[in-house]
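Chemist: Sharing a structure, written as C-alpha cells. Questions coming.
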Amino acid sequence: MHSTRRRMLLATTAAATLALGACGGGSGEGDDSAGSGGEGGDITLSVATFNEFGYEELLGEYEELNPGITVQHVKADTADNARAALRNSLGADSGAADIEAIEVDWVTEFQQYPDKFVDLSSPDLEGRWLDWKTEAVTLEDGMLLGYGTDIGPEALCYRADLFEQAGLPTDREEVAELLQGDWDTYFEVGRDFVAETDIAWYDSAGALWQGMINQVEQPYETPDGEIIAVDNPEVRELYDQVLSASVDDGLSAALGQWSADWSSAFQGDEFATMLCPAWMLGVVEGNAADIEGWDVANVFPGGGGNWGGSYLTVPAQGDHPEEAKALAAWLTAPEQQIKAFEAKGTFPSQTEALDSDTLAESSNAFFNDAPTGQIFAERAEAVTVMPFKGPKYFEINTAMQDAISRVDVDQTDDPASSWDKFAAAVGDLR
Amino acid sequence: MSVTTPTSAPAPAPEQVTGRRGGGAPREGRLGRLDQAASPYVYIAPFFVLFFVVGLFPLVYTGWVALHDWDQIMGQGAFVGAQNFVDVLTGQDFWTALVNTLSIFVLSSVPQVLAALAIAGLLDHKLRAATFWRMGVLLPYVVAPVAVALIFSNLFADRFGLINTLLEGVGMEPVRWHSDRLASHVAIASMVNFRWTGYNALILLAAMQAIPRDLYEAAAIDGASGLRRFVSITIPMLRPTMIFVIITSTIGGLQIFDEPKMYDQFGRGGSDGQWQTLTLYLYELGWTRADFGRASAVAVLLFALIVAVGLVNFAISRRIASEESR
C-alpha cells in the first residue's frame with residue numbers, strides 16, 4: 001500500500017518536473033511528453049552493474065527491439081561500492097536503478113528485506129538456470145529475488161613453464177590428473193614443487209581460503225540465524241591447514257589478493273598456480289600480459305567449487321517494475337548470456353547456454369588455446385555444494401580474510417593470536 | 001532605553017531621507033521602526049536557515065540516532081540509551097582508530113606547516129616567472145586524492161614498490177609499508193602532505209606579501225641576515241594566518257578519510273587496523289555493517305574530539321593574540 005502511494009507520488013513528481021522543464025523551454029509539445037512520461041509510452045529503465053557484465057551492446061539491442069524504451073547503464077567501479085550504493089537507496093527508499101545487479105555473497109543479506117524487491121518468479125522461466133543458482137535466491141515462501149547472470153565455477157590456472165622447470169607434467173590433461181584429489185594432494189604436489197624450484201606454489205592464502213570456504217555447507221552461520229564461525233571445527237581445521245601450508249611450508253607467495261604487489265607479481269616468476277573462477281581468466285590475462293606459459297586445467301582441489309557470480313534484481317521502489325522485470329528476463333536469457341560471455345567472459349548460469357555450441361567451441365588464446373568453454377562447463381557440473389551464506393556472511397568472511405592476511409601477508413601475528421582477534425571481531429558483530 | 005529610542009531615534013530619519021533624496025516620502029514611523037529592527041536579521045537569515053537545515057539538524061539527528069538501534073535499511077529500532085557508546089568505547093577498534101588518527105595527524109600537520117612556511121618564504125623573494133612557481137605549488141592540490149593515492153600506492157607497495165626497490169638497491173632492508181603500523185602512518189601522512197603543503201604555502205605567501213617592505217629594509221640596514229629577517233619579522237607578522245592554517249589543518253587532519261581509504265585494495269585500514277582512522281571506522285560501522293547507531297556514536301565522539309582540540313587551539317591562539325598586542 002505504502003509503496004503504491006509512493007510510486008504514484010513519484011510519477012506525479014516526474015510528470016510535473018517534465019512539464020515544468022517543457023514550459024521553461026517554451027515548447028508547445030510539453031504536454032505530450034509529460035503525459036507519456038507517466039504512462040506506458042516512452043520510458044527509461046536504468047540497469048546498475050559493477051565490474052564487467054558484458055551488457056554494453058545488449059542494452060542497445062534491447063532498445064532497438066522495444067521502441068519507446070530507453071535503457072541507461074549505471075556502472076559502479078567495484079562490487080563493494082555497488083553494494084553500498086544499493087544499501088543506501090534501499091534505506092532511503094529512492095535512488096535505486098530499475099534493475100540492480102547483486103553478487104552471490106550479498107544475497108542472504110538482501111533477502112532480509114523481501115518487501116524492498118519485486119518477486120521475479122515466473123512459470124515461464126522455470127528450469128532456465130542451474131538448480132543451485134536459483135535455489136540460492138529463492139525465499140522460503142517461493143519468492144524469487146533475482147535472475148541468475150553468471151557463475152564462477154573454479155578450475156586451476158597454472159604456469160606450464162614453471163611446471164616444466166620443476167619436472168612436473170605440463171600438459172593440461174596430465175596436470176588435471178596429477179592434482180586430482182583433495183586439498184592435501186594439492187599441498188603435497190606444492191611442497192615438491194617448492195623444494196625443486198624455490199618458487200611459491202600459489203599467490204595468496206586468502207585466495208585459497210575463498211576456494212575452501214565455498215565448499216563448506218554451513219561455514220559461519222546456521223539457517224536459523226546462529227553464528228557458528230568461531231566454534232565450527234571445520235572452519236578451524238581449514239584455517240590451520242591453509243596457514244600451515246602457506247607459512248610453515250612456504251607454499252604461498254604471501255601476496256594480498258588484489259593488492260598492487262599481487263598485480264605486479266604476475267610479471268615475474270613469483271608463483272605457479274592459482275585458483276581460477278571463470279571470471280578470473282580476464283584478470284590473469286590483464287595482469288600477466290606478455291608472460292607466456294599460463295594454462296588452465298580441468299581440476300580443482302576438493303572437487304568442484306563456485307566463487308562469485310551475480311543476479312539481477314528489481315527493487316520495488318522503481319516506477320516500472322513490469323518493464324524492468326521483462327528486461328531482466330531478457331538479459332538473462334541463454335542467447336543474451338552467450339553474447340555477454342563472448343563480450344566479457346562472464347560464464348553463463350543457464351542450462352541451455354551451458355550446452356550451447358558457441359560455449360563448447362570457445363577457447364582462450366592467452367591460456368595456450370585452452371578449451372575454456374568446455375572446461376568451465378564441466379567445472380560447473382562438478383559443483384555439488386552451495387554453502388549457506390547467512391546475513392552476516394560478508395562481515396564474518398571479511399574478518400576471516402583479515403585473520404589470514406595477518407599471518408600470511410603482514411606477518412604481524414601467528415595463527416593462534418590471529419584467530420583470537422578473529423573471534424573477537426565476530427563477537428563484536430550483531 | 002525602551003522609552004527613549006522610539007521617540008528620539010526615528011525623529012531625524014525623515015529629515016535625512018528627504019534631505020538626501022529630495023522627493024522621497026518619509027516612512028511611516030511604526031513600519032520604519034520594524035524595518036530597522038528586523039531587516040538586519042532578515043538579511044542574515046538565509047545563512048542561519050541553511051545552517052539549521054544542513055548543519056544543526058543533522059548534528060542533532062546524529063545524536064538521536066546514536067541512542068537507538070538503527071539499521072541502515074530498516075531504519076529506527078529500539079531506544080538503547082548509551083549502549084552504542086558503551087559498545088564503541090569498550091571495543092578495541094575505537095582506541096586503535098583514535099591513536100592512528102592522532103598519529104597520522106601529527107605526522108602530517110607538523111611537517112606540513114613547517115614546509116609550507118619555508119616554501120612561502122622562498123616564493124616571497126623576487127623570482128623570474130613568479131606566477132608560474134606560485135601556481136606550481138598548488139598543482140598537487142588540484143590532483144584528485146584518488147589519483148594521488150594510486151601513484152603513492154605504487155611507490156609504497158611492499159614487494160615491488162619504487163621506494164622499497166630503491167632501498168634494496170642501496171642495500172637497506174625494505175620497509176613493510178602495509179604491515180608496520182608506524183610505516184603506514186608515515187606513508188599516508190606523506191600523501192596528505194603532498195596534497196596540502198602547497199595550498200597552505202599559498203595562504204602563507206599571501207599573508208607575507210602584506211607585510212610592509214620597509215620593515216625588511218630597516219632590518220637590512222641594521223645588518224640583519226636573511227634568516228634573521230625571516231625569523232624576527234616574517235614569522236611574528238604571520239601569526240593570525242598561522243593560526244588559521246593550523247586550525248584548518250587540525251580539522252582536516254582529524255577527519256582524514258580519502259588517503260587511508262585508498263591506501264590498499266580493501267580500504268578498511270589494514271588487516272590489523274594498522275591505519276584505520278576514526279572516519280574509516282565510522283564508515284565501516286555504518287556502511288559495511290549497516291549499524292547506523294554505533295556509527296553515529298562514533299560520529300558524536302569524533303565531533304567532541306574536534307571541539308576539544310578546537311578549544312585548545314582557541315586558548316593557544318588567544319594567548320598568542322594577547323602577546324601580540326603587548
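FYI, nothing fancy with the C-alpha cells labels: chains A, B, ... in order, residues from 1 per chain, ligands from 1 as they appear.
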Quick one: everything within 6 Å of stretch 294-307 of chain A, counting only C-alpha atoms, minus sequence neighbours fewer than 3 positions away in the same chain. Send it as a count of residues only.

Modeler: 18

Chemist: Residues of chain B near chain A: apply a cut-off of 9 Å, count only C-alpha atoms, and supply the list as a list of chain:residue names.

Modeler: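 Within 9 Å of chain A on chain B, we get B:Asp71, B:Gln72, B:Ile73, B:Met74, B:Gly75, B:Asp87, B:Gly91, B:Ser153, B:Asn154, B:Ala157, B:Asp158, B:Arg159, B:Phe160, B:Gly161, B:Arg176, B:His178, B:Ser179, B:Asp180, B:Asp264, B:Gln265, B:Phe266, B:Gly270, B:Ser271, B:Asp272, B:Trp287, B:Thr288, B:Arg289, B:Ala290, B:Asp291.
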
Chemist: Which residues, written as a VMD selection string, have at least one atom at most 12 Å from B:Leu117, with only C-alpha atoms counted and residues fewer than 5 positions away on the same chain left out?

Modeler: chain B and resid 110 to 112 122 to 124 197 to 208 230 to 231 234 to 235 238 to 239 241 to 242 245 to 246

Chemist: For a test of reading the model, state the distance in Å between atom CA of B:Arg134 and atom CA of B:Arg213, rounded to one decimal.

Modeler: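 These atoms are spaced 19.6 Å apart.
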
Chemist: Tell me which protein, DNA and RNA residues are within 12 Å of stretch 76-79 of chain A, counting only C-alpha atoms, leaving out same-chain ones fewer than 5 positions away, and put them as a list in words.

Modeler: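 Contacts, in chain order: Val47, Ala48, Thr49, Phe50, Asn51, Glu52, Phe53, Ala84, Ala85, Leu86, Ala97, Glu100, Ala101, Ile102, Glu103, Val104, Asp105, Trp106, Trp258, Gly308, Gly309 and Ser310 of chain A; Gln265, Phe266 and Gly267 of chain B.
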
Chemist: For the selection you just gave me, I'd like the residues written to a file as a PDB file, in the first residue's frame, keeping C-alpha atoms.

Modeler:
ATOM      1  CA  VAL A  47      20.427  -1.007 -15.099  1.00  0.00           C
ATOM      2  CA  ALA A  48      23.061  -0.845 -12.362  1.00  0.00           C
ATOM      3  CA  THR A  49      26.008  -3.248 -12.627  1.00  0.00           C
ATOM      4  CA  PHE A  50      29.603  -3.446 -11.417  1.00  0.00           C
ATOM      5  CA  ASN A  51      32.867  -4.771 -12.849  1.00  0.00           C
ATOM      6  CA  GLU A  52      32.104  -6.341 -16.249  1.00  0.00           C
ATOM      7  CA  PHE A  53      28.746  -7.819 -17.148  1.00  0.00           C
ATOM      8  CA  ALA A  84      26.993   0.224  -0.550  1.00  0.00           C
ATOM      9  CA  ALA A  85      25.057   2.247  -3.113  1.00  0.00           C
ATOM     10  CA  LEU A  86      22.228  -0.281  -3.242  1.00  0.00           C
ATOM     11  CA  ALA A  97      18.097   1.688 -10.525  1.00  0.00           C
ATOM     12  CA  GLU A 100      20.144  -3.758  -9.698  1.00  0.00           C
ATOM     13  CA  ALA A 101      22.826  -6.415 -10.035  1.00  0.00           C
ATOM     14  CA  ILE A 102      23.857  -8.138  -6.817  1.00  0.00           C
ATOM     15  CA  GLU A 103      26.640 -10.600  -6.139  1.00  0.00           C
ATOM     16  CA  VAL A 104      26.010 -14.062  -4.751  1.00  0.00           C
ATOM     17  CA  ASP A 105      27.769 -13.225  -1.469  1.00  0.00           C
ATOM     18  CA  TRP A 106      25.240 -10.500  -0.625  1.00  0.00           C
ATOM     19  CA  TRP A 258      44.100  -7.573  -5.441  1.00  0.00           C
ATOM     20  CA  GLY A 308      31.185 -15.478  -7.313  1.00  0.00           C
ATOM     21  CA  GLY A 309      28.533 -14.870  -9.887  1.00  0.00           C
ATOM     22  CA  SER A 310      25.678 -12.422  -9.880  1.00  0.00           C
TER      23      SER A 310
ATOM     24  CA  GLN B 265      42.801  -2.539  -2.151  1.00  0.00           C
ATOM     25  CA  PHE B 266      40.157  -3.022   0.539  1.00  0.00           C
ATOM     26  CA  GLY B 267      40.002   0.471   2.047  1.00  0.00           C
TER      27      GLY B 267
END

Chemist: Would you mind reading off the distance between atom CA of A:Val385 and atom CA of A:Leu120, one decimal, in Å?

Modeler: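 Straight-line distance from atom CA of A:Val385 to atom CA of A:Leu120 works out to 24.4 Å.
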
Chemist: Which residue is closest to B:Met135? Choose from B:Gly269, B:Ala120, B:Asn84, B:Asn313 and count only C-alpha atoms.

Modeler: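 Among B:Gly269, B:Ala120, B:Asn84, B:Asn313, it is B:Ala120 that comes nearest to B:Met135.
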
Chemist: Could you pull out all residues of stretch 53-158 of chain B with a DSSP call of strand (DSSP E or B) and give them as number ranges by chain?

Modeler: B: 68-71, 75-79

Chemist: Restricting the calculation to only C-alpha atoms: of B:Ile316, B:Ala82, B:Val88, B:Ile119, which residue gets closest to B:Pro240?

Modeler: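 The answer is B:Ile316, which sits nearest to B:Pro240.
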
Chemist: Could you pull the residues within 8 Å of A:Arg128, counting only C-alpha atoms, minus those fewer than 2 positions along the same chain, as a list in words?

Modeler: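 With the cut-off at 8 Å, the set is Leu125, Glu126, Leu130, Ala333, Pro334, Gln350, Thr351 and Glu352 of chain A.
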
Chemist: Fewer than 2 positions away in the same chain doesn't count, so skip those; otherwise give me all residues within 12 Å of B:Tyr61, counting only C-alpha atoms, as a PyMOL selection string.

Modeler: chain B and resi 52-59+63-68+76+292-293+296-297+299-300

Chemist: Generate a file of the selected residues that holds C-alpha atoms, formatted as a short mmCIF file (atom, residue, chain, number, x, y, z; two decimals), in the first residue's frame.

Modeler:
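Okay, this is what ended up in part_38.cif:
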data_model
loop_
_atom_site.label_atom_id
_atom_site.label_comp_id
_atom_site.auth_asym_id
_atom_site.auth_seq_id
_atom_site.Cartn_x
_atom_site.Cartn_y
_atom_site.Cartn_z
CA PHE B 52 19.83 24.80 10.67
CA VAL B 53 18.80 22.61 7.77
CA VAL B 54 22.14 21.21 6.65
CA GLY B 55 24.25 21.78 9.77
CA LEU B 56 22.48 21.78 13.06
CA PHE B 57 19.67 19.37 12.21
CA PRO B 58 21.96 16.54 11.02
CA LEU B 59 24.14 17.17 14.05
CA GLY B 63 22.90 12.31 18.37
CA TRP B 64 19.34 10.93 18.25
CA VAL B 65 20.38 8.02 16.00
CA ALA B 66 23.29 7.27 18.34
CA LEU B 67 20.82 6.49 21.12
CA HIS B 68 18.99 3.82 19.09
CA GLN B 76 14.98 3.26 13.58
CA PHE B 292 24.00 3.36 11.94
CA GLY B 293 23.50 3.51 15.71
CA SER B 296 26.51 7.75 14.87
CA ALA B 297 28.01 7.20 18.31
CA ALA B 299 30.44 10.48 14.82
CA VAL B 300 29.38 12.15 18.07
#

Chemist: Quick one: distance from atom CA of B:Glu173 to atom CA of A:Phe266 in Å, one decimal?

Modeler: 23.3 Å
